[in-house]
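start.txt follows; it contains compact mmCIF, C-alpha atoms.
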```
# COMPACT_ATOMS: atom_id res chain seq x y z
CA MET X 233 0.00 0.00 0.00
CA SER X 234 1.54 3.31 -1.10
CA GLN X 235 1.77 6.32 1.12
CA TRP X 236 2.08 9.96 0.08
CA TYR X 237 5.10 11.86 1.36
CA MET X 238 5.99 15.52 1.01
CA LEU X 239 9.68 15.97 0.33
CA THR X 240 11.38 19.29 0.88
CA LEU X 241 14.84 19.68 -0.64
CA VAL X 242 16.91 22.84 -0.50
CA GLY X 243 20.46 23.55 -1.49
CA LYS X 244 22.80 25.82 -3.36
CA ASP X 245 21.67 25.92 -6.97
CA GLN X 246 23.72 23.74 -9.28
CA LEU X 247 23.32 21.77 -12.47
CA GLY X 248 21.43 18.47 -12.26
CA ILE X 249 19.59 18.64 -8.94
CA VAL X 250 16.19 17.74 -10.38
CA ALA X 251 17.51 14.98 -12.63
CA LYS X 252 19.57 13.35 -9.90
CA VAL X 253 16.93 13.54 -7.17
CA THR X 254 14.10 12.28 -9.37
CA THR X 255 16.24 9.52 -10.87
CA ALA X 256 17.06 8.21 -7.39
CA LEU X 257 13.34 8.27 -6.52
CA TYR X 258 12.35 6.60 -9.79
CA LYS X 259 14.93 3.83 -9.37
CA GLY X 260 13.68 3.30 -5.83
CA GLY X 261 10.13 2.69 -7.02
CA CYS X 262 8.59 6.06 -6.20
CA ASN X 263 5.88 7.76 -8.15
CA LEU X 264 5.85 11.57 -8.26
CA GLY X 265 2.80 13.73 -7.80
CA GLU X 266 2.47 17.51 -7.89
CA ALA X 267 5.59 19.58 -7.36
CA SER X 268 6.97 23.05 -7.10
CA MET X 269 10.63 23.55 -7.92
CA LEU X 270 12.31 26.92 -8.21
CA ARG X 271 15.38 28.95 -7.58
CA LEU X 272 15.12 31.34 -4.65
CA GLY X 273 18.00 33.64 -3.86
CA GLY X 274 20.63 31.35 -5.34
CA ASN X 275 19.19 28.24 -3.70
CA PHE X 276 17.26 25.59 -5.50
CA THR X 277 14.10 24.56 -3.68
CA ILE X 278 11.90 21.53 -4.23
CA MET X 279 8.54 20.68 -2.70
CA LEU X 280 7.56 17.33 -4.09
CA MET X 281 4.71 14.87 -3.56
CA VAL X 282 6.04 11.33 -3.67
CA SER X 283 4.04 8.13 -3.49
CA TYR X 284 6.06 5.24 -2.06
CA GLU X 285 5.44 1.81 -0.61
CA GLY X 286 8.20 1.94 1.96
CA ASP X 287 8.50 3.89 5.17
CA ASN X 288 10.08 7.23 5.99
CA LYS X 289 13.50 5.72 6.70
CA GLN X 290 13.58 3.71 3.46
CA LEU X 291 12.66 6.81 1.49
CA TYR X 292 15.42 8.73 3.20
CA ASP X 293 17.89 5.98 2.30
CA LEU X 294 16.94 6.21 -1.38
CA LEU X 295 18.06 9.83 -1.41
CA LYS X 296 20.93 9.66 1.07
CA GLU X 297 23.67 9.49 -1.52
CA VAL X 298 22.41 12.18 -3.87
CA VAL X 299 21.63 14.49 -0.98
CA ARG X 300 25.19 14.14 0.26
CA GLU X 301 26.68 14.57 -3.19
CA LEU X 302 24.71 17.76 -3.88
CA ASN X 303 24.81 19.02 -0.32
CA LEU X 304 21.05 19.35 -0.01
CA HIS X 305 18.83 19.67 3.04
CA LEU X 306 16.15 17.00 2.95
CA HIS X 307 12.98 16.91 4.97
CA ILE X 308 10.34 14.19 4.70
CA ASP X 309 6.74 14.34 5.96
CA VAL X 310 4.01 11.76 5.75
CA ILE X 311 1.01 13.57 4.29
CA GLU X 312 -2.56 12.91 3.38
CA GLY X 313 -2.20 13.57 -0.33
CA HIS X 314 -4.82 13.67 -3.02
CA LEU X 315 -4.48 14.17 -6.73
CA HIS X 316 -7.13 15.42 -9.16
CA GLN X 317 -8.44 18.02 -6.75
CA HIS X 318 -7.29 21.23 -8.35
CA ARG X 319 -9.22 24.35 -7.56
CA ASP X 320 -9.33 27.10 -10.13
CA PRO X 321 -8.36 30.56 -8.95
CA GLU X 322 -10.99 33.27 -9.35
CA VAL X 323 -8.88 36.31 -8.80
CA ARG X 324 -5.34 37.51 -9.34
CA ILE X 325 -3.71 40.27 -7.36
CA THR X 326 -0.44 41.92 -8.27
CA VAL X 327 1.33 44.16 -5.78
CA HIS X 328 4.52 46.08 -6.27
CA GLY X 329 6.35 48.93 -4.65
CA ALA X 330 9.55 50.02 -2.95
CA ASP X 331 10.74 47.12 -0.82
CA ARG X 332 10.11 47.40 2.92
CA ALA X 333 9.18 45.10 5.77
CA GLY X 334 5.52 44.23 6.16
CA ILE X 335 4.10 44.35 2.64
CA VAL X 336 3.16 40.67 2.52
CA ALA X 337 1.89 40.57 6.09
CA GLN X 338 -0.32 43.61 5.69
CA VAL X 339 -1.63 42.86 2.24
CA THR X 340 -2.41 39.22 2.95
CA SER X 341 -3.96 40.05 6.33
CA VAL X 342 -6.54 42.39 4.85
CA LEU X 343 -7.17 39.96 2.00
CA THR X 344 -7.71 37.09 4.42
CA GLU X 345 -10.21 39.15 6.37
CA ALA X 346 -11.99 39.91 3.12
CA GLY X 347 -12.25 36.19 2.34
CA LEU X 348 -9.30 35.43 0.05
CA ASN X 349 -8.15 31.83 0.04
CA ILE X 350 -4.64 31.90 -1.46
CA LEU X 351 -3.84 29.09 -3.89
CA ASP X 352 -0.57 30.44 -5.20
CA LEU X 353 1.73 33.23 -4.12
CA GLU X 354 5.02 34.12 -5.68
CA SER X 355 7.08 37.10 -4.79
CA ASP X 356 10.39 38.52 -5.74
CA VAL X 357 12.74 41.35 -4.94
CA GLY X 358 13.93 43.22 -8.00
CA GLY X 359 15.87 46.41 -8.62
CA ASN X 360 19.28 46.75 -7.01
CA THR X 361 20.75 46.96 -3.51
CA ASN X 362 20.14 50.69 -3.21
CA ASN X 363 16.66 50.68 -4.72
CA PRO X 364 15.06 47.29 -4.20
CA PHE X 365 11.44 46.79 -5.17
CA TYR X 366 9.08 44.08 -4.04
CA ILE X 367 6.69 42.37 -6.43
CA MET X 368 4.10 39.78 -5.59
CA HIS X 369 1.48 37.83 -7.54
CA ILE X 370 -1.31 36.11 -5.68
CA GLU X 371 -3.96 33.84 -7.12
CA GLY X 372 -6.86 32.65 -5.05
CA ILE X 373 -10.52 32.12 -4.39
CA ALA X 374 -12.65 35.06 -3.33
CA THR X 375 -14.91 33.35 -0.82
CA GLN X 376 -16.76 36.60 -0.10
CA GLY X 377 -16.67 37.97 -3.64
CA ILE X 378 -14.18 40.10 -5.52
CA ALA X 379 -15.74 43.43 -4.52
CA GLN X 380 -14.86 42.71 -0.89
CA LEU X 381 -11.21 42.18 -1.79
CA SER X 382 -11.09 45.32 -3.85
CA GLN X 383 -12.59 47.35 -1.01
CA ALA X 384 -10.17 45.90 1.54
CA LEU X 385 -7.16 46.71 -0.64
CA GLN X 386 -8.41 50.19 -1.35
CA GLN X 387 -8.69 50.87 2.34
CA LEU X 388 -5.21 49.51 3.05
CA LEU X 389 -3.69 51.70 0.37
CA ALA X 390 -5.54 54.78 1.48
CA THR X 391 -4.53 54.40 5.12
CA GLN X 392 -1.08 52.81 5.03
CA HIS X 393 0.54 52.33 1.65
CA PRO X 394 -0.40 55.11 -0.78
CA ASP X 395 2.64 54.34 -2.95
CA LEU X 396 2.02 50.62 -3.45
CA LYS X 397 0.72 49.67 -6.86
CA VAL X 398 -1.99 47.05 -6.61
CA GLN X 399 -4.00 45.45 -9.37
CA LEU X 400 -6.83 43.05 -8.97
CA GLU X 401 -8.41 41.15 -11.80
CA PRO X 402 -10.89 38.32 -12.02
CA ILE X 403 -9.51 35.18 -13.65
CA GLU X 404 -12.10 33.96 -16.07
CA THR X 405 -11.40 30.37 -16.95
CA LEU X 406 -12.89 29.39 -20.26
CA VAL X 407 -13.91 25.76 -19.84
CA MET X 408 -14.84 24.28 -23.18
CA MET A 255 -31.57 12.42 -26.40
CA SER A 256 -28.22 10.74 -26.25
CA LEU A 257 -24.96 11.97 -24.84
CA LEU A 258 -21.79 11.09 -26.69
CA GLU A 259 -18.68 9.87 -24.96
CA ILE A 260 -15.96 12.50 -24.58
CA LEU A 261 -12.43 11.44 -25.45
CA THR A 262 -9.99 12.54 -22.79
CA TYR A 263 -6.26 13.16 -22.89
CA PRO A 264 -3.97 11.22 -23.34
CA ASP A 265 -6.22 9.43 -25.83
CA PRO A 266 -4.14 9.54 -29.06
CA ARG A 267 -7.25 10.04 -31.18
CA LEU A 268 -7.37 13.65 -29.97
CA LYS A 269 -4.33 14.27 -32.19
CA THR A 270 -6.26 13.39 -35.35
CA ILE A 271 -6.62 16.08 -38.00
CA SER A 272 -10.29 16.22 -38.92
CA ALA A 273 -11.62 16.12 -42.46
CA PRO A 274 -13.88 18.75 -44.06
CA VAL A 275 -17.62 18.08 -44.06
CA THR A 276 -18.98 17.50 -47.54
CA GLU A 277 -22.43 16.01 -46.92
CA PHE A 278 -25.04 18.19 -45.21
CA ASP A 279 -27.49 15.33 -44.85
CA ALA A 280 -29.94 13.98 -42.25
CA LYS A 281 -27.14 12.03 -40.61
CA LEU A 282 -25.27 15.26 -39.99
CA GLN A 283 -28.37 16.93 -38.52
CA ALA A 284 -28.90 14.01 -36.12
CA PHE A 285 -25.26 14.13 -35.07
CA LEU A 286 -25.48 17.89 -34.42
CA ILE A 287 -28.35 17.32 -31.98
CA ASP A 288 -26.37 14.73 -30.02
CA LEU A 289 -23.29 16.93 -30.11
CA GLU A 290 -25.20 19.91 -28.74
CA ASN A 291 -26.70 17.83 -25.93
CA THR A 292 -23.24 16.60 -25.07
CA MET A 293 -21.88 20.16 -25.05
CA ARG A 294 -24.69 21.43 -22.81
CA ALA A 295 -24.13 18.56 -20.36
CA GLY A 296 -20.44 19.44 -19.99
CA PRO A 297 -18.88 21.47 -17.20
CA GLY A 298 -18.38 24.59 -19.32
CA GLY A 299 -21.12 23.96 -21.80
CA VAL A 300 -20.07 26.77 -24.14
CA GLY A 301 -18.40 24.89 -26.94
CA ILE A 302 -17.51 21.51 -28.38
CA ALA A 303 -15.66 20.16 -31.39
CA ALA A 304 -16.68 16.95 -33.15
CA PRO A 305 -13.30 15.20 -32.64
CA GLN A 306 -13.86 15.42 -28.88
CA VAL A 307 -16.54 12.76 -29.31
CA GLY A 308 -14.49 10.72 -31.79
CA CYS A 309 -16.03 12.14 -34.99
CA PHE A 310 -13.14 13.48 -37.02
CA GLN A 311 -14.98 16.05 -39.09
CA ARG A 312 -14.56 19.81 -39.08
CA ILE A 313 -17.58 20.66 -36.94
CA VAL A 314 -17.71 23.06 -33.99
CA LEU A 315 -20.62 24.16 -31.83
CA LEU A 316 -20.31 27.37 -29.88
CA ASP A 317 -22.64 29.24 -27.57
CA VAL A 318 -21.10 31.71 -25.15
CA SER A 319 -24.37 33.60 -24.69
CA SER A 320 -24.69 32.44 -21.08
CA LYS A 321 -21.79 34.66 -20.16
CA PRO A 322 -22.90 38.12 -19.09
CA LYS A 323 -21.75 41.37 -20.65
CA ILE A 324 -19.82 40.09 -23.65
CA LYS A 325 -20.24 40.42 -27.40
CA HIS A 326 -21.30 37.20 -29.06
CA HIS A 327 -23.27 35.67 -31.92
CA GLY A 328 -25.46 33.34 -29.87
CA ASN A 329 -25.76 29.66 -30.63
CA LEU A 330 -23.54 28.77 -33.59
CA VAL A 331 -23.08 25.73 -35.76
CA LEU A 332 -19.71 26.20 -37.44
CA ILE A 333 -18.84 23.73 -40.15
CA ASN A 334 -15.50 23.83 -41.97
CA PRO A 335 -14.60 26.98 -40.03
CA GLU A 336 -11.60 29.03 -41.02
CA ILE A 337 -10.01 32.06 -39.43
CA THR A 338 -9.13 34.47 -42.20
CA GLN A 339 -7.81 37.37 -40.13
CA TRP A 340 -6.74 37.92 -36.56
CA GLU A 341 -5.46 40.76 -34.44
CA GLY A 342 -4.06 41.37 -30.97
CA PHE A 343 -3.24 38.82 -28.33
CA GLU A 344 -4.28 38.16 -24.80
CA ILE A 345 -3.46 35.61 -22.11
CA GLY A 346 -6.39 33.77 -20.63
CA ARG A 347 -6.99 30.67 -18.60
CA GLU A 348 -8.59 27.70 -20.31
CA GLY A 349 -9.92 24.32 -19.39
CA CYS A 350 -11.36 21.55 -21.54
CA MET A 351 -13.74 18.59 -21.20
CA SER A 352 -11.05 16.50 -22.86
CA VAL A 353 -8.43 17.56 -20.29
CA PRO A 354 -10.12 17.08 -16.88
CA ASP A 355 -8.78 18.65 -13.68
CA TYR A 356 -6.33 21.00 -15.32
CA THR A 357 -6.46 24.61 -16.42
CA GLY A 358 -3.70 26.73 -17.85
CA ASN A 359 -2.80 30.00 -19.50
CA VAL A 360 -2.92 30.26 -23.27
CA ILE A 361 -2.24 33.17 -25.61
CA ARG A 362 -4.99 33.75 -28.16
CA ALA A 363 -5.86 36.43 -30.67
CA GLN A 364 -8.29 39.04 -29.33
CA TYR A 365 -10.14 39.74 -32.55
CA LEU A 366 -10.69 37.54 -35.56
CA HIS A 367 -12.68 37.14 -38.72
CA LEU A 368 -14.17 33.71 -39.21
CA MET A 369 -15.72 32.04 -42.22
CA ALA A 370 -17.82 28.93 -41.67
CA GLN A 371 -20.75 27.04 -43.08
CA ASP A 372 -23.91 26.38 -41.11
CA GLN A 373 -25.72 23.04 -40.75
CA HIS A 374 -27.20 23.48 -44.26
CA GLY A 375 -23.89 24.28 -45.91
CA ILE A 376 -24.52 28.01 -46.25
CA GLN A 377 -21.42 30.14 -45.84
CA HIS A 378 -21.38 32.85 -43.13
CA GLU A 379 -18.83 35.33 -41.87
CA TYR A 380 -18.32 36.50 -38.31
CA ASP A 381 -16.25 39.13 -36.56
CA MET A 382 -15.50 37.79 -33.10
CA GLU A 383 -13.71 39.20 -30.09
CA GLY A 384 -12.75 38.39 -26.53
CA PHE A 385 -14.30 35.35 -24.95
CA GLU A 386 -16.06 34.16 -28.10
CA ALA A 387 -12.88 34.59 -30.17
CA ARG A 388 -10.91 32.63 -27.55
CA ALA A 389 -13.52 29.89 -27.57
CA ILE A 390 -13.47 29.40 -31.35
CA GLN A 391 -9.66 29.29 -31.39
CA HIS A 392 -9.74 26.61 -28.68
CA GLU A 393 -12.28 24.57 -30.68
CA LEU A 394 -10.55 25.06 -34.03
CA ASP A 395 -7.40 23.62 -32.48
CA HIS A 396 -9.31 20.38 -31.80
CA LEU A 397 -9.96 20.08 -35.55
CA ASP A 398 -6.21 20.20 -36.11
CA GLY A 399 -5.39 17.70 -33.37
CA LEU A 400 -4.22 20.30 -30.86
CA LEU A 401 -5.22 20.76 -27.22
CA PHE A 402 -4.77 23.89 -25.12
CA ILE A 403 -2.01 22.07 -23.23
CA ASP A 404 -0.03 22.16 -26.48
CA ARG A 405 -0.06 25.96 -26.23
CA LEU A 406 0.52 26.61 -22.53
CA VAL A 407 2.48 29.56 -21.32
CA SER A 408 4.00 29.71 -17.85
CA ARG A 409 1.58 29.94 -14.98
CA ARG A 410 4.19 31.63 -12.88
CA HIS A 411 5.33 34.39 -15.11
CA ASP A 412 3.20 36.53 -17.32
CA LEU A 413 4.97 37.07 -20.58
CA PHE A 414 2.55 39.77 -21.56
CA ARG A 415 0.70 42.29 -19.54
CA ARG A 416 -2.88 41.26 -19.09
CA LYS A 417 -5.86 43.43 -19.53
CA VAL A 418 -6.31 45.30 -16.27
CA TYR A 419 -9.80 45.14 -14.90
CA VAL A 420 -9.36 46.98 -11.63
CA SER A 421 -6.44 49.11 -10.69
CA ILE A 422 -6.60 49.88 -7.03
CA GLN A 423 -5.08 53.27 -6.42
CA THR A 424 -5.69 56.03 -4.01
CA GLN A 425 -6.05 59.58 -5.29
CA PRO A 426 -2.73 61.07 -6.42
CA HIS A 427 -2.21 63.19 -3.34
CA LEU A 428 1.46 62.44 -2.77
CA SER A 429 3.47 65.60 -2.49
CA SER A 430 6.39 63.97 -4.26
CA GLU A 431 4.27 63.36 -7.32
CA LYS A 432 5.00 65.54 -10.29
CA ALA A 433 2.32 67.90 -11.44
CA ILE A 434 0.64 66.65 -14.57
CA ASP A 435 0.60 69.02 -17.52
CA ARG A 436 -2.88 69.87 -18.59
```

As structure tokens, the full file:
Amino acid sequence: MSQWYMLTLVGKDQLGIVAKVTTALYKGGCNLGEASMLRLGGNFTIMLMVSYEGDNKQLYDLLKEVVRELNLHLHIDVIEGHLHQHRDPEVRITVHGADRAGIVAQVTSVLTEAGLNILDLESDVGGNTNNPFYIMHIEGIATQGIAQLSQALQQLLATQHPDLKVQLEPIETLVM
Amino acid sequence: MSLLEILTYPDPRLKTISAPVTEFDAKLQAFLIDLENTMRAGPGGVGIAAPQVGCFQRIVLLDVSSKPKIKHHGNLVLINPEITQWEGFEIGREGCMSVPDYTGNVIRAQYLHLMAQDQHGIQHEYDMEGFEARAIQHELDHLDGLLFIDRLVSRRHDLFRRKVYVSIQTQPHLSSEKAIDR
């Protein structure tokens, strides 16, 4: 009986991390599910759903060698995983402005209060050391409607962040 | 009323290039009724192409009229459809009865001119835009053995600026802001 695991792997970015990690898993009899893999600040990060018949220790052993070779941090969790349960986002919010502490906390707090369920958030720091800017894209489900989110953001900008640029747009998925 | 079985990816038959319709006979009319029922029973219910039910002929049904506040031509039977002109591009999210549990971003033309025959073989021309234009491009791809997953662009990074629906900005009251020439 297979069990779903969530693997977290992080290490200095270098050529071949994905190929080597997934080859070790494949050879060990694992089946991969949904994954997110990306480079963050010079590190390569992997969050990976893996279905495997063995236990936590056996899964760790499959990756032991490649993790040592590539100098990766590995973390394994048993999870209750399900495939084929995607939810389509209804709204997309883009925020950007001069980088400072608190943008994500404040923006997401008011959005949460206004009913936003975040499905996907990616953010980045651009610009240069002297003039960094922060940019964030959020996709989610507006459980209380899009107007609520718009109102909440408007209020936040008016009271605390007049210079932040925020766009909100419905995502209309054409299902044919 | 009978519902036809929808082929789903990775069924290789979805890659078939469909043949033009030449006979506008009773058999075609009967098939169109079944095809429409199948379309209306689907999750989106706004369009279907004949190859999705394993009939490899250049037939598309389209009806985006249920969507509020858009330009459209109502319920359309489009046989041997051909896009003769297109303009602009836009990213939008698409899903498909033949690709369950997955949606993705696809670039499509915003405006197009379409020529197609109706169920009796009479030629018509349409100027389409927005949602309806996106829908016909999605369906026309089926006739050429293509799915929207053959045209995906990154979910993470927008290559093109999308149409902005709501820009949330406070009034320009910042003192640092330059005066705007009038």

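Here atom CA of X:Lys252 is placed at a distance of 23.8 Å from atom CA of X:Gly313.
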
For A:Leu258: contacts at 12 Å, only C-alpha atoms, fewer than 3 positions along chain excluded, given as a list in words: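 The contact residues come out as Met255, Leu261, Phe285, Leu286, Ile287, Asp288, Leu289, Glu290, Asn291, Thr292, Met293, Arg294, Ala295, Gly296, Ile302, Ala303, Ala304, Pro305, Gln306, Val307, Gly308 and Cys309 of chain A.
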
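Residue-level contacts from chain X to chain A at 8 Å, counting all atoms listed in the file, read His316, Gln317, His318, Asp320, Glu354, Ser382, Leu385, Gln386, Leu389, Ala390, Pro394, Lys397, Val398, Gln399, Leu400, Glu401, Pro402, Ile403, Glu404, Thr405, Leu406, Val407 and Met408 of chain X.
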
Which of X:Leu239, X:Leu381, X:Ile335, X:Ile350 sits closest to X:His305 [using only C-alpha atoms]: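 Selected residue with least distance to X:His305: X:Leu239.
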
Using only C-alpha atoms, which residues sit within 7 Å of A:His367 once same-chain residues fewer than 6 positions away are excluded, as a list in words?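 Counting only the stated atoms, we get Ile337, Thr338, Gln339, Trp340, Tyr380, Asp381 and Met382 of chain A.
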
First collect every listed atom of stretch 300-306 of chain A; then fit an axis-aligned box around them, widen it by 4 Å on each side, and give centre and edge lengths in Å to one decimal, as AutoDock Vina command-line options.
```
--center_x -16.7 --center_y 21.0 --center_z -28.6 --size_x 14.8 --size_y 19.6 --size_z 17.0
```

With only C-alpha atoms as the basis for distance, which of X:Ile325, X:Asp395, X:Arg332, X:Thr375 is at the shortest distance from X:Asp352? X:Ile325

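Our summary of the geometry notes that atom CA of X:Asn349 is positioned 18.2 Å from atom CA of X:Leu388.
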
With only C-alpha atoms as the atoms that count, which of X:Glu345, X:Asp331, X:Asp293, X:Glu322 lies nearest to X:Ile370?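 Nearest candidate to X:Ile370 out of X:Glu345, X:Asp331, X:Asp293, X:Glu322: X:Glu322.
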
re atom CA of X:Tyr258 and atom CA of X:Met281: distance 12.9 Å

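Among A:Glu383, A:Asp265, A:Glu259, A:Glu341, the residue with the shortest atom-to-atom distance to A:Leu401, counting only C-alpha atoms, is A:Asp265.
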
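Nearest to X:Pro364 of all the residues X:Ala330, X:Ala346, X:Lys296, X:Leu396 is X:Ala330, counting all atoms listed in the file.
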
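Of the residues listed (X:Ser355, X:Gln380, X:Asn263, X:Ser283), X:Ser283 shows the shortest atom-to-atom separation from X:Tyr237; distances use all atoms listed in the file.
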
Using the block above, I'd like stretch 361-370 of chain A written out, keeping all heavy atoms and formatting it as a short mmCIF file (atom, residue, chain, number, x, y, z; two decimals), in the first residue's frame.
```
data_model
loop_
_atom_site.label_atom_id
_atom_site.label_comp_id
_atom_site.auth_asym_id
_atom_site.auth_seq_id
_atom_site.Cartn_x
_atom_site.Cartn_y
_atom_site.Cartn_z
N ILE A 361 -2.15 31.91 -24.87
CA ILE A 361 -2.24 33.17 -25.61
C ILE A 361 -3.14 32.95 -26.83
O ILE A 361 -2.96 31.99 -27.57
CB ILE A 361 -0.85 33.62 -26.10
CG1 ILE A 361 0.06 33.89 -24.89
CG2 ILE A 361 -0.95 34.87 -26.97
CD1 ILE A 361 1.50 34.16 -25.28
N ARG A 362 -4.10 33.83 -26.99
CA ARG A 362 -4.99 33.75 -28.16
C ARG A 362 -5.16 35.13 -28.75
O ARG A 362 -5.01 36.14 -28.07
CB ARG A 362 -6.38 33.26 -27.74
CG ARG A 362 -6.44 31.93 -27.03
CD ARG A 362 -6.29 30.77 -27.98
NE ARG A 362 -6.57 29.50 -27.30
CZ ARG A 362 -6.34 28.31 -27.84
NH1 ARG A 362 -5.80 28.21 -29.05
NH2 ARG A 362 -6.63 27.22 -27.17
N ALA A 363 -5.54 35.15 -30.03
CA ALA A 363 -5.86 36.43 -30.67
C ALA A 363 -7.11 37.02 -30.04
O ALA A 363 -8.02 36.29 -29.63
CB ALA A 363 -6.09 36.21 -32.16
N GLN A 364 -7.14 38.37 -29.95
CA GLN A 364 -8.29 39.04 -29.33
C GLN A 364 -9.45 39.20 -30.30
O GLN A 364 -10.60 39.17 -29.91
CB GLN A 364 -7.88 40.44 -28.87
CG GLN A 364 -7.14 40.48 -27.56
CD GLN A 364 -6.65 41.88 -27.29
OE1 GLN A 364 -5.83 42.42 -28.04
NE2 GLN A 364 -7.14 42.49 -26.23
N TYR A 365 -9.11 39.50 -31.55
CA TYR A 365 -10.14 39.74 -32.55
C TYR A 365 -9.86 38.82 -33.73
O TYR A 365 -8.71 38.58 -34.07
CB TYR A 365 -10.08 41.18 -33.07
CG TYR A 365 -10.16 42.21 -31.98
CD1 TYR A 365 -8.99 42.72 -31.41
CD2 TYR A 365 -11.39 42.66 -31.52
CE1 TYR A 365 -9.06 43.67 -30.41
CE2 TYR A 365 -11.46 43.60 -30.51
CZ TYR A 365 -10.29 44.10 -29.95
OH TYR A 365 -10.37 45.03 -28.95
N LEU A 366 -10.92 38.33 -34.35
CA LEU A 366 -10.69 37.54 -35.56
C LEU A 366 -11.90 37.59 -36.48
O LEU A 366 -13.01 37.95 -36.07
CB LEU A 366 -10.35 36.09 -35.19
CG LEU A 366 -11.33 35.32 -34.31
CD1 LEU A 366 -12.44 34.71 -35.14
CD2 LEU A 366 -10.56 34.23 -33.57
N HIS A 367 -11.62 37.26 -37.73
CA HIS A 367 -12.68 37.14 -38.72
C HIS A 367 -12.77 35.66 -39.09
O HIS A 367 -11.76 35.03 -39.40
CB HIS A 367 -12.33 37.98 -39.96
CG HIS A 367 -13.45 38.09 -40.92
ND1 HIS A 367 -14.54 38.92 -40.71
CD2 HIS A 367 -13.69 37.46 -42.10
CE1 HIS A 367 -15.38 38.78 -41.72
NE2 HIS A 367 -14.89 37.91 -42.58
N LEU A 368 -13.97 35.15 -39.02
CA LEU A 368 -14.17 33.71 -39.21
C LEU A 368 -15.13 33.47 -40.37
O LEU A 368 -16.14 34.15 -40.50
CB LEU A 368 -14.77 33.11 -37.94
CG LEU A 368 -14.97 31.59 -37.94
CD1 LEU A 368 -13.67 30.90 -37.56
CD2 LEU A 368 -16.07 31.18 -36.98
N MET A 369 -14.79 32.48 -41.18
CA MET A 369 -15.72 32.04 -42.22
C MET A 369 -16.09 30.61 -41.90
O MET A 369 -15.22 29.79 -41.57
CB MET A 369 -15.07 32.13 -43.60
CG MET A 369 -14.72 33.58 -43.94
SD MET A 369 -13.98 33.76 -45.55
CE MET A 369 -15.36 33.45 -46.60
N ALA A 370 -17.39 30.30 -41.97
CA ALA A 370 -17.82 28.93 -41.67
C ALA A 370 -19.16 28.68 -42.34
O ALA A 370 -19.93 29.61 -42.61
CB ALA A 370 -17.94 28.73 -40.17
#
```
